Amino acid sequence: MMSMMKPSKPFFAAVAIATLCSPVEAAEIQEVRMWRAPDHTRLVFDLSGQADYNLFTLENPYRVVIDIADSQLQDDLSGLDFTASPIEEVRSGIREGDDVRIVLDLTTEVRPTSFSLAPNAEFGDRLVVDLFDLEAQSAPVPAISRPQLDGGSRRDIVVAISAGHGGEDPGSIGYDGRIKEKNVTLAISRALYNRLDATPGYQPVLIREGDYYVNLKRRPQIARDHRADLFVAVHADWYRSSRANGVTVYALSGDRADRENAARIAEKENSSDLLGGVGGDLELASLDDDVALTLVSLQMAWSMEQSLLAGTEILASLDGVTRLRRDKVQQASLQVLNSPDIPSILIETGYLTNPAEARRLNSASFQERLAAAIAQGVMSYFYSAPPDGTLVAWQKSNGIVPGSYTVRRFDNLSEIAERFAVSLAELKAVNGLRSDTIRIGQLLTIPGVGARDSEHTTRPGETLSEIAALYRISVSQLRRANNLSGDHILVGQVLKIPSL
Ligand SMILES: [Zn+2]
């Protein structure tokens with residue numbers, strides 16, 4: 001959204017006269033905005049032009065002081081929400097006649113950084129002040145918290161979900177001037193997270209969990225820190241015409257000479273990095289080395305191929321849920337997809353400039369359906385070629401197709417069991433249900449087809465407890481069904497799998 005000029009406060013009337021003697025380019029502070037991210041607090045000063053400023057810190061008590069030369073403050077700062085931030089209060093005053101001094105009173109010490117941003121299509125000149133928390137809380141190492149019910153030590157597939165834009169970068173603005181891409185992408189990303197989180201064998205990671213901006217170069221880095229197997233960026237599009245509609249899926253590409261369409265998207269998405277892009281090019285520069293580049297391009301070829309495969313599965317699963325603007329995966333040199341080591345795709349879920357599509361994209365029910373389709377595509381991709389050592393690889397080698405189902409209005413448990421051809425008892429056991437009570441929106445794990453097989457042929461290296469976990473039954477149930485007294489089984493032995 002464009003920042004709006006607010007009327008001057010009477011307090012500044014006297015200063016306004018003083019600025020008549022100043023150079024023409026006095027930079028007014030039109031608005032101050034702020035966001036809280038997991039590891040820092042960002043303040044953005046919207047300015048009417050370039051401004052000289054000086055930032056320093058004071059102790060006892062901790063303060064950050066920002067002096068902006070030859071300026072006026074037009075925001076009364078009452079709209080700032082300090083919740084969860086180290087800021088206790090923001091005060092302002094006039095210094096040396098025509099400078100604005102802003103004092104941030106802090107509850108704790110912070111590490112401040114600041115930089116100026118030139119105008120872009122959305123905003124004018126800005127001064128950005130980041131207050132980093134001293135205790136680094138960023139990028140928590142993923143705790144392996146999932147109970148190991150299924151497949152012993154076999155690892156989960158990690159899917160990094162990057163909700164486009166955020167914080168001071170709203171992304172595309174809807175036809176009504178109110179629907180913002182950053183909110184739509186976060187809602188779809190959260191729904192996708194919930195889907196995958198409810199599916200055994202998957203560990204989703206949200207690159208951004210709230211309304212704050214994450215640098216485009218930092219996003220793949222977070223995915224890398226979590227050892228992601230796939231990177232999925234979620235966006236929503238805009239166009240001059242309100243008729244444009246439909247979903248487009250882009251895959252990682254190293255090809256700089258892209259088609260016209262891709263170039264337009266790339267320009268738009270990459271430009272958002274300018275909003276928060278401080279020092280980002282330094283990271284790229286550090287890759288400028290012959291050996292590194294050779295390794296990177298080898299990795300890149302593999303990642304590009306995988307990105308195309310993943311994108312194709314996701315596109316196929318979106319077909320029917322929404323219109324496909326392109327029925328093939330597009331390749332684009334998007335900054336956020338510039339990850340040589342992680343297969344990466346970007347989904348433009350639809351057009352916010354199309355009223356009907358914008359309303360759908362902004363509705364929770366459609367966001368859920370999109371997320372379900374994307375999750376289904378992700379699972380199909382991984383099921384076709386599961387990474388070694390994962391539960392999904394293990395499931396595939398045993399003919400088990402994982403799945404989940406979201407409870408809808410008027411559903412009841414026995415109907416759902418019937419629909420998926422599983423027993424009611426099995427469905428309840430897999431989902432830990434004690435009664436038949438379910439609620440709308442509840443995610444149920446549907447036991448795969450393998451769980452309905454009444455037999456399992458033992459493979460080399462398998463143990464009884466692994467097989468029991470695979471079918472989500474206890475070892476004693478498995479022993480009883482097969483008249484086993486100990487844990488000893490033979491390779492090729494056919495075991496009866498009891499239905500619960
Ligand atoms: Zn976007």
# chains A, B, ... in the order shown; residues from 1 in each chain; ligands from 1

$ residues_near_ligand --ligand "ligand 1" --cutoff "7 Å" --atoms "only C-alpha atoms and all ligand atoms" --output "number ranges by chain"
A: 164-165, 171-172, 181, 235-237, 269

$ write_last_selection --atoms "N, CA, C and O atoms" --output "PDB file, in the first residue's frame"
ATOM      1  N   GLY A 164       5.444 -15.600   0.026  1.00  0.00           N
ATOM      2  CA  GLY A 164       6.022 -14.432  -0.644  1.00  0.00           C
ATOM      3  C   GLY A 164       5.785 -13.136   0.108  1.00  0.00           C
ATOM      4  O   GLY A 164       4.768 -12.980   0.780  1.00  0.00           O
ATOM      5  N   HIS A 165       6.796 -12.244   0.003  1.00  0.00           N
ATOM      6  CA  HIS A 165       6.683 -10.879   0.539  1.00  0.00           C
ATOM      7  C   HIS A 165       6.509 -10.889   2.064  1.00  0.00           C
ATOM      8  O   HIS A 165       6.905 -11.836   2.715  1.00  0.00           O
ATOM      9  N   GLY A 171       3.723  -6.956  -1.611  1.00  0.00           N
ATOM     10  CA  GLY A 171       3.534  -7.706  -2.853  1.00  0.00           C
ATOM     11  C   GLY A 171       2.426  -7.077  -3.681  1.00  0.00           C
ATOM     12  O   GLY A 171       2.198  -5.875  -3.596  1.00  0.00           O
ATOM     13  N   SER A 172       1.708  -7.908  -4.443  1.00  0.00           N
ATOM     14  CA  SER A 172       0.624  -7.385  -5.276  1.00  0.00           C
ATOM     15  C   SER A 172      -0.520  -6.891  -4.395  1.00  0.00           C
ATOM     16  O   SER A 172      -0.815  -7.481  -3.355  1.00  0.00           O
ATOM     17  N   GLU A 181      -1.109  -9.395  -1.283  1.00  0.00           N
ATOM     18  CA  GLU A 181      -0.464 -10.674  -1.594  1.00  0.00           C
ATOM     19  C   GLU A 181       0.210 -11.284  -0.361  1.00  0.00           C
ATOM     20  O   GLU A 181       0.122 -12.487  -0.131  1.00  0.00           O
ATOM     21  N   HIS A 235       3.149 -17.378  -4.172  1.00  0.00           N
ATOM     22  CA  HIS A 235       2.885 -15.982  -4.545  1.00  0.00           C
ATOM     23  C   HIS A 235       1.480 -15.841  -5.109  1.00  0.00           C
ATOM     24  O   HIS A 235       0.783 -16.825  -5.345  1.00  0.00           O
ATOM     25  N   ALA A 236       1.064 -14.590  -5.321  1.00  0.00           N
ATOM     26  CA  ALA A 236      -0.167 -14.296  -6.048  1.00  0.00           C
ATOM     27  C   ALA A 236       0.157 -13.137  -6.986  1.00  0.00           C
ATOM     28  O   ALA A 236       0.932 -12.240  -6.639  1.00  0.00           O
ATOM     29  N   ASP A 237      -0.429 -13.166  -8.169  1.00  0.00           N
ATOM     30  CA  ASP A 237       0.028 -12.302  -9.254  1.00  0.00           C
ATOM     31  C   ASP A 237      -0.823 -11.034  -9.411  1.00  0.00           C
ATOM     32  O   ASP A 237      -1.859 -10.884  -8.780  1.00  0.00           O
ATOM     33  N   GLU A 269       9.310  -9.950  -8.972  1.00  0.00           N
ATOM     34  CA  GLU A 269       9.636 -10.617  -7.716  1.00  0.00           C
ATOM     35  C   GLU A 269      11.003 -10.211  -7.202  1.00  0.00           C
ATOM     36  O   GLU A 269      11.198 -10.049  -6.012  1.00  0.00           O
TER      37      GLU A 269
END

$ residues_around --residues "range 376-393 of chain A" --least-positions-apart "5" --cutoff "7 Å" --atoms "only C-alpha atoms" --output "number ranges by chain"
A: 151, 154-157, 201, 309-310, 313-314, 317

$ write_last_selection --atoms "C-alpha atoms" --output "short mmCIF file (atom, residue, chain, number, x, y, z; two decimals), in the first residue's frame"
data_model
loop_
_atom_site.label_atom_id
_atom_site.label_comp_id
_atom_site.auth_asym_id
_atom_site.auth_seq_id
_atom_site.Cartn_x
_atom_site.Cartn_y
_atom_site.Cartn_z
CA GLY A 151 9.35 -46.52 10.53
CA ARG A 154 13.68 -43.24 8.83
CA ARG A 155 13.83 -39.52 8.34
CA ASP A 156 11.11 -37.11 7.31
CA ILE A 157 11.16 -35.31 3.97
CA GLY A 201 6.97 -38.80 6.67
CA LEU A 309 9.38 -32.90 -12.05
CA ALA A 310 8.03 -31.46 -8.79
CA GLU A 313 3.23 -33.01 -10.30
CA ILE A 314 1.96 -29.91 -8.50
CA SER A 317 -2.78 -31.79 -8.95
#

$ closest_residue --among "A:Ala27, A:Ala481, A:Ala244, A:Leu73" --to "Glu357 in chain A" --atoms "only C-alpha atoms"
A:Ala244

$ atom_distance --atom1 "CA of Val321 in chain A" --atom2 "CA of Leu413 in chain A"
24.8 Å

$ closest_residue --among "A:Val129, A:Asp46, A:Gln442, A:Pro61" --to "Thr113 in chain A" --atoms "only C-alpha atoms"
A:Val129

$ atom_distance --atom1 "CA of Ala364 in chain A" --atom2 "CA of Ser344 in chain A"
25.5 Å

$ atom_distance --atom1 "CA of Leu196 in chain A" --atom2 "CA of Ala375 in chain A"
6.4 Å

$ closest_residue --among "A:Ile438, A:Ala37, A:Ile29, A:Ala118" --to "Leu77 in chain A" --atoms "only C-alpha atoms"
A:Ile29

$ closest_residue --among "A:Glu426, A:Asp197, A:Glu418, A:Glu109" --to "Ala372 in chain A" --atoms "only C-alpha atoms"
A:Asp197

$ select_by_dssp --residues "range 201-244 of chain A" --states "helix (DSSP H, G or I)" --output "PDB file with all heavy atoms, in the first residue's frame"
ATOM      1  N   ARG A 218      18.126 -14.755   1.798  1.00  0.00           N
ATOM      2  CA  ARG A 218      18.099 -15.442   3.092  1.00  0.00           C
ATOM      3  C   ARG A 218      17.125 -16.628   3.049  1.00  0.00           C
ATOM      4  O   ARG A 218      17.319 -17.624   3.742  1.00  0.00           O
ATOM      5  CB  ARG A 218      17.678 -14.429   4.166  1.00  0.00           C
ATOM      6  CG  ARG A 218      17.409 -14.996   5.527  1.00  0.00           C
ATOM      7  CD  ARG A 218      18.575 -14.818   6.479  1.00  0.00           C
ATOM      8  NE  ARG A 218      18.284 -15.486   7.749  1.00  0.00           N
ATOM      9  CZ  ARG A 218      18.793 -16.662   8.107  1.00  0.00           C
ATOM     10  NH1 ARG A 218      19.658 -17.290   7.338  1.00  0.00           N
ATOM     11  NH2 ARG A 218      18.455 -17.210   9.249  1.00  0.00           N
ATOM     12  N   ARG A 219      16.106 -16.532   2.198  1.00  0.00           N
ATOM     13  CA  ARG A 219      15.066 -17.571   2.186  1.00  0.00           C
ATOM     14  C   ARG A 219      15.624 -18.952   1.843  1.00  0.00           C
ATOM     15  O   ARG A 219      15.416 -19.900   2.603  1.00  0.00           O
ATOM     16  CB  ARG A 219      13.933 -17.169   1.238  1.00  0.00           C
ATOM     17  CG  ARG A 219      13.136 -15.999   1.792  1.00  0.00           C
ATOM     18  CD  ARG A 219      12.019 -15.548   0.868  1.00  0.00           C
ATOM     19  NE  ARG A 219      11.457 -14.296   1.338  1.00  0.00           N
ATOM     20  CZ  ARG A 219      10.179 -14.126   1.688  1.00  0.00           C
ATOM     21  NH1 ARG A 219       9.319 -15.109   1.608  1.00  0.00           N
ATOM     22  NH2 ARG A 219       9.763 -12.953   2.123  1.00  0.00           N
ATOM     23  N   PRO A 220      16.357 -19.099   0.717  1.00  0.00           N
ATOM     24  CA  PRO A 220      16.923 -20.430   0.441  1.00  0.00           C
ATOM     25  C   PRO A 220      17.920 -20.856   1.516  1.00  0.00           C
ATOM     26  O   PRO A 220      18.076 -22.049   1.783  1.00  0.00           O
ATOM     27  CB  PRO A 220      17.637 -20.252  -0.902  1.00  0.00           C
ATOM     28  CG  PRO A 220      17.088 -19.010  -1.488  1.00  0.00           C
ATOM     29  CD  PRO A 220      16.658 -18.139  -0.347  1.00  0.00           C
ATOM     30  N   GLN A 221      18.579 -19.868   2.149  1.00  0.00           N
ATOM     31  CA  GLN A 221      19.547 -20.195   3.197  1.00  0.00           C
ATOM     32  C   GLN A 221      18.843 -20.845   4.395  1.00  0.00           C
ATOM     33  O   GLN A 221      19.343 -21.803   4.977  1.00  0.00           O
ATOM     34  CB  GLN A 221      20.303 -18.933   3.623  1.00  0.00           C
ATOM     35  CG  GLN A 221      21.452 -19.199   4.577  1.00  0.00           C
ATOM     36  CD  GLN A 221      22.436 -20.236   4.033  1.00  0.00           C
ATOM     37  OE1 GLN A 221      22.879 -20.136   2.893  1.00  0.00           O
ATOM     38  NE2 GLN A 221      22.750 -21.260   4.828  1.00  0.00           N
ATOM     39  N   ILE A 222      17.665 -20.326   4.725  1.00  0.00           N
ATOM     40  CA  ILE A 222      16.897 -20.923   5.834  1.00  0.00           C
ATOM     41  C   ILE A 222      16.512 -22.354   5.459  1.00  0.00           C
ATOM     42  O   ILE A 222      16.621 -23.276   6.266  1.00  0.00           O
ATOM     43  CB  ILE A 222      15.640 -20.077   6.142  1.00  0.00           C
ATOM     44  CG1 ILE A 222      16.054 -18.703   6.668  1.00  0.00           C
ATOM     45  CG2 ILE A 222      14.732 -20.790   7.145  1.00  0.00           C
ATOM     46  CD1 ILE A 222      14.908 -17.721   6.832  1.00  0.00           C
ATOM     47  N   ALA A 223      16.098 -22.531   4.188  1.00  0.00           N
ATOM     48  CA  ALA A 223      15.747 -23.877   3.716  1.00  0.00           C
ATOM     49  C   ALA A 223      16.950 -24.814   3.851  1.00  0.00           C
ATOM     50  O   ALA A 223      16.829 -25.952   4.281  1.00  0.00           O
ATOM     51  CB  ALA A 223      15.274 -23.811   2.268  1.00  0.00           C
ATOM     52  N   ARG A 224      18.116 -24.287   3.490  1.00  0.00           N
ATOM     53  CA  ARG A 224      19.349 -25.074   3.550  1.00  0.00           C
ATOM     54  C   ARG A 224      19.679 -25.437   5.000  1.00  0.00           C
ATOM     55  O   ARG A 224      20.070 -26.560   5.298  1.00  0.00           O
ATOM     56  CB  ARG A 224      20.483 -24.240   2.939  1.00  0.00           C
ATOM     57  CG  ARG A 224      21.579 -25.018   2.305  1.00  0.00           C
ATOM     58  CD  ARG A 224      22.429 -24.113   1.426  1.00  0.00           C
ATOM     59  NE  ARG A 224      21.767 -23.753   0.191  1.00  0.00           N
ATOM     60  CZ  ARG A 224      21.633 -22.508  -0.254  1.00  0.00           C
ATOM     61  NH1 ARG A 224      22.100 -21.489   0.431  1.00  0.00           N
ATOM     62  NH2 ARG A 224      21.029 -22.288  -1.392  1.00  0.00           N
ATOM     63  N   ASP A 225      19.508 -24.474   5.897  1.00  0.00           N
ATOM     64  CA  ASP A 225      19.774 -24.732   7.321  1.00  0.00           C
ATOM     65  C   ASP A 225      18.912 -25.877   7.846  1.00  0.00           C
ATOM     66  O   ASP A 225      19.309 -26.586   8.761  1.00  0.00           O
ATOM     67  CB  ASP A 225      19.485 -23.472   8.160  1.00  0.00           C
ATOM     68  CG  ASP A 225      20.487 -22.360   7.892  1.00  0.00           C
ATOM     69  OD1 ASP A 225      21.533 -22.650   7.268  1.00  0.00           O
ATOM     70  OD2 ASP A 225      20.224 -21.212   8.291  1.00  0.00           O
TER      71      ASP A 225
END

$ closest_residue --among "A:Thr349, A:Arg243, A:Thr41, A:Arg95" --to "Phe366 in chain A" --atoms "only C-alpha atoms"
A:Thr349

$ residues_around --residues "Ala425 in chain A" --least-positions-apart "3" --cutoff "12 Å" --atoms "only C-alpha atoms" --output "ChimeraX atom specification"
/A:413-414,416-418,421-422,428-436,446-447,473,498-500

$ select_by_dssp --residues "range 355-415 of chain A" --states "strand (DSSP E or B)" --output "MDAnalysis selection string"
chainID A and resid 390 403:406

$ decode --residues "range 221-249 of chain A" --atoms "N, CA and C atoms" --output "mmCIF file, in the first residue's frame"
data_model
loop_
_atom_site.group_PDB
_atom_site.id
_atom_site.type_symbol
_atom_site.label_atom_id
_atom_site.label_comp_id
_atom_site.auth_asym_id
_atom_site.auth_seq_id
_atom_site.Cartn_x
_atom_site.Cartn_y
_atom_site.Cartn_z
ATOM 1 N N GLN A 221 18.579 -19.868 2.149
ATOM 2 C CA GLN A 221 19.547 -20.195 3.197
ATOM 3 C C GLN A 221 18.843 -20.845 4.395
ATOM 4 N N ILE A 222 17.665 -20.326 4.725
ATOM 5 C CA ILE A 222 16.897 -20.923 5.834
ATOM 6 C C ILE A 222 16.512 -22.354 5.459
ATOM 7 N N ALA A 223 16.098 -22.531 4.188
ATOM 8 C CA ALA A 223 15.747 -23.877 3.716
ATOM 9 C C ALA A 223 16.950 -24.814 3.851
ATOM 10 N N ARG A 224 18.116 -24.287 3.490
ATOM 11 C CA ARG A 224 19.349 -25.074 3.550
ATOM 12 C C ARG A 224 19.679 -25.437 5.000
ATOM 13 N N ASP A 225 19.508 -24.474 5.897
ATOM 14 C CA ASP A 225 19.774 -24.732 7.321
ATOM 15 C C ASP A 225 18.912 -25.877 7.846
ATOM 16 N N HIS A 226 17.730 -26.020 7.267
ATOM 17 C CA HIS A 226 16.821 -27.087 7.704
ATOM 18 C C HIS A 226 16.980 -28.344 6.854
ATOM 19 N N ARG A 227 17.978 -28.345 5.978
ATOM 20 C CA ARG A 227 18.231 -29.482 5.087
ATOM 21 C C ARG A 227 16.987 -29.855 4.288
ATOM 22 N N ALA A 228 16.385 -28.828 3.680
ATOM 23 C CA ALA A 228 15.144 -29.038 2.936
ATOM 24 C C ALA A 228 15.377 -29.892 1.693
ATOM 25 N N ASP A 229 14.407 -30.744 1.390
ATOM 26 C CA ASP A 229 14.433 -31.551 0.169
ATOM 27 C C ASP A 229 13.757 -30.823 -0.980
ATOM 28 N N LEU A 230 12.921 -29.842 -0.645
ATOM 29 C CA LEU A 230 12.192 -29.086 -1.673
ATOM 30 C C LEU A 230 11.886 -27.704 -1.117
ATOM 31 N N PHE A 231 11.950 -26.711 -2.011
ATOM 32 C CA PHE A 231 11.656 -25.334 -1.646
ATOM 33 C C PHE A 231 10.437 -24.898 -2.458
ATOM 34 N N VAL A 232 9.374 -24.486 -1.775
ATOM 35 C CA VAL A 232 8.150 -24.070 -2.461
ATOM 36 C C VAL A 232 7.853 -22.614 -2.106
ATOM 37 N N ALA A 233 7.925 -21.727 -3.091
ATOM 38 C CA ALA A 233 7.591 -20.316 -2.868
ATOM 39 C C ALA A 233 6.153 -20.083 -3.319
ATOM 40 N N VAL A 234 5.362 -19.418 -2.475
ATOM 41 C CA VAL A 234 3.950 -19.175 -2.770
ATOM 42 C C VAL A 234 3.735 -17.683 -3.026
ATOM 43 N N HIS A 235 3.149 -17.378 -4.172
ATOM 44 C CA HIS A 235 2.885 -15.982 -4.545
ATOM 45 C C HIS A 235 1.480 -15.841 -5.109
ATOM 46 N N ALA A 236 1.064 -14.590 -5.321
ATOM 47 C CA ALA A 236 -0.167 -14.296 -6.048
ATOM 48 C C ALA A 236 0.157 -13.137 -6.986
ATOM 49 N N ASP A 237 -0.429 -13.166 -8.169
ATOM 50 C CA ASP A 237 0.028 -12.302 -9.254
ATOM 51 C C ASP A 237 -0.823 -11.034 -9.411
ATOM 52 N N TRP A 238 -0.381 -10.154 -10.274
ATOM 53 C CA TRP A 238 -1.142 -8.960 -10.668
ATOM 54 C C TRP A 238 -0.962 -8.772 -12.171
ATOM 55 N N TYR A 239 -1.894 -8.059 -12.775
ATOM 56 C CA TYR A 239 -1.753 -7.711 -14.184
ATOM 57 C C TYR A 239 -2.568 -6.466 -14.471
ATOM 58 N N ARG A 240 -2.225 -5.783 -15.549
ATOM 59 C CA ARG A 240 -2.942 -4.550 -15.897
ATOM 60 C C ARG A 240 -4.414 -4.844 -16.164
ATOM 61 N N SER A 241 -4.680 -5.979 -16.807
ATOM 62 C CA SER A 241 -6.069 -6.327 -17.109
ATOM 63 C C SER A 241 -6.674 -7.103 -15.946
ATOM 64 N N SER A 242 -7.935 -6.787 -15.647
ATOM 65 C CA SER A 242 -8.596 -7.489 -14.542
ATOM 66 C C SER A 242 -9.064 -8.871 -14.964
ATOM 67 N N ARG A 243 -8.905 -9.190 -16.276
ATOM 68 C CA ARG A 243 -9.386 -10.486 -16.744
ATOM 69 C C ARG A 243 -8.381 -11.605 -16.536
ATOM 70 N N ALA A 244 -7.098 -11.264 -16.431
ATOM 71 C CA ALA A 244 -6.079 -12.307 -16.284
ATOM 72 C C ALA A 244 -6.394 -13.176 -15.077
ATOM 73 N N ASN A 245 -6.281 -14.482 -15.233
ATOM 74 C CA ASN A 245 -6.565 -15.393 -14.125
ATOM 75 C C ASN A 245 -5.820 -16.702 -14.303
ATOM 76 N N GLY A 246 -5.788 -17.472 -13.263
ATOM 77 C CA GLY A 246 -5.202 -18.805 -13.330
ATOM 78 C C GLY A 246 -3.852 -18.915 -12.630
ATOM 79 N N VAL A 247 -3.474 -20.162 -12.423
ATOM 80 C CA VAL A 247 -2.248 -20.456 -11.681
ATOM 81 C C VAL A 247 -1.091 -20.702 -12.657
ATOM 82 N N THR A 248 0.121 -20.308 -12.262
ATOM 83 C CA THR A 248 1.326 -20.580 -13.046
ATOM 84 C C THR A 248 2.370 -21.156 -12.094
ATOM 85 N N VAL A 249 3.034 -22.211 -12.546
ATOM 86 C CA VAL A 249 4.082 -22.816 -11.725
ATOM 87 C C VAL A 249 5.425 -22.617 -12.426
#
